[in-house]
Amino acid sequence: MSAGTVGNRGGSRSLESTSASPSRRADILRRDGFLVIRDALRPADVAELRGLLLPLFARFATLPAHVAVDLGSTPGALGPPDIPEINRAVRFAPQLRRSAAFAACRMLARELLGSRTWYTFDHAIAKPPHNRGATDWHQDQAYRGNGIPMGTVHFWIPLQDVALEGGCMEFIPGSHRGGLRMHRRRGGDPHTGALVAAGVCSETAVACPVAAGSVLAHLPLTLHYTEPNRTAVHRYAWIVHFGPRGRIGLLPSSGIAARLFGSLGGSWFAPSPWHRRASG
Ligand SMILES: O=C(O)CCC(=O)C(=O)O
């Protein structure tokens with residue numbers, strides 16, 4: 001695993017090497033709320049994920065509506081999804097759980113969080129060429145409410161090289177230390193599963209363009225975002241969460257939870273235990 005170089009939006013800067021020891025990596029994750037791990041996977045491992053996930057996206061329209069959602073939907077818009085997302089892809093491609101990438105991320109999660117760390121959730125997100133939608137700034141914890149801290153680590157695994165114009169991950173360093181923010185539904189649309197954090201100042205955002213084979217780890221409270229894909233090729237990512245078994249693994253997927261939050265009315269909300277119970 002080699003040094004991690006990331007760019008902020010106004011130029012580029014180097015963060016510390018992520019070729020550090022496991023305990024150093026855990027320190028960086030605790031400090032910044034995210035971590036870039038380059039060369040975590042071999043080309044064959046990425047090819048294995050593509051072989052499992054691209055066929056799922058090819059049959060996106062036939063998957064159950066609560067599983068296959070459009071994170072970029074605009075009310076009333078027709079046509080193909082702008083940001084197709086498949087929740088719990090492992091249910092439809094169980095081999096994902098036996099993939100080399102799954103094993104590598106589980107090992108990393110155990111290094112970062114401790115040995116009693118297990119799979120809790122996964123989803124896959126595509127950005128078609130020249131899609132219109134950004135994945136707005138949000139904290140993953142918002143999808144679960146603030147009743148139970150997720151206590152998880154989330155791995156974002158790109159299935160190809162991804163630069164800023166392709167929609168690479170961007171993070172706000174240290175944002176995980178400010179607690180859970182207010183979120184609203186994207187575009188005020190009561191039917192969308194996508195949440196947007198309130199009042200984000202992205203001046204200190206750090207963009208993480210990476211080559212295939214890299215893995216980006218972040219915490220549930222870390223603010224993150226991706227731009228629309230301004231390239232001519234699909235951008236795919238598989239995201240897998242690991243955490244303490246039993247705390248969160250049995251709660252519903254983010255898409256469902258967000259849709260249930262959506263039925264509660266009001267446009268801004270601080271996800272609360274009440275919202276969480278409503279979704280469970
Ligand atoms: O892949 C993306 O566009 C965004 C991923 C993301 O926001 C997430 O995994 O929570």
# chains A, B, ... in the order shown; residues from 1 in each chain; ligands from 1
>>> residues_near_ligand(ligand="ligand 1", cutoff="8 Å", atoms="only C-alpha atoms and all ligand atoms", output="list in words")
Ile83, His123, Ala124, Ile125, Ala126, Lys127, Ala134, Thr135, Asp136, Trp137, His138, Gln139, Asp140, His154, Phe155, Trp156, Gly167, Cys168, Met169, His224, Tyr225, Thr226, Glu227, Tyr236, Ala237, Trp238 and Ile239 of chain A
>>> residues_around(residues="Ser175 in chain A", least_positions_apart="4", cutoff="9 Å", atoms="only C-alpha atoms", output="number ranges by chain")
A: 32-33, 171, 179, 221-223
>>> closest_residue(among="A:Ala211, A:Glu170, A:Ala142, A:Ile86", to="Arg184 in chain A", atoms="only C-alpha atoms")
A:Ala142
>>> closest_atom_pairs(of="range 15-95 of chain A", to="range 99-108 of chain A", cutoff="7 Å", atoms="only C-alpha atoms", output="CSV")
residue,atom,partner,partner_atom,distance
A:Leu41,CA,A:Ala101,CA,6.6
A:Asp45,CA,A:Ala100,CA,5.8
A:Gln95,CA,A:Ser99,CA,6.3
>>> select_by_dssp(residues="range 111-181 of chain A", states="helix (DSSP H, G or I)", output="JSON, numbers by chain")
{"A": [111, 112, 113, 140, 141, 142, 143, 164, 165, 166, 175, 176, 177, 178]}
>>> closest_residue(among="A:Phe121, A:Gly114, A:Arg245, A:Pro173", to="Ala89 in chain A", atoms="only C-alpha atoms")
A:Phe121
>>> closest_residue(among="A:Pro64, A:Pro244, A:Ala93, A:Ala194", to="Pro149 in chain A", atoms="only C-alpha atoms")
A:Pro244
>>> closest_residue(among="A:Arg24, A:His234, A:His218, A:His176", to="Glu111 in chain A", atoms="only C-alpha atoms")
A:Arg24
>>> closest_residue(among="A:Glu165, A:Leu180, A:Arg97, A:Ser202", to="His241 in chain A", atoms="only C-alpha atoms")
A:Arg97
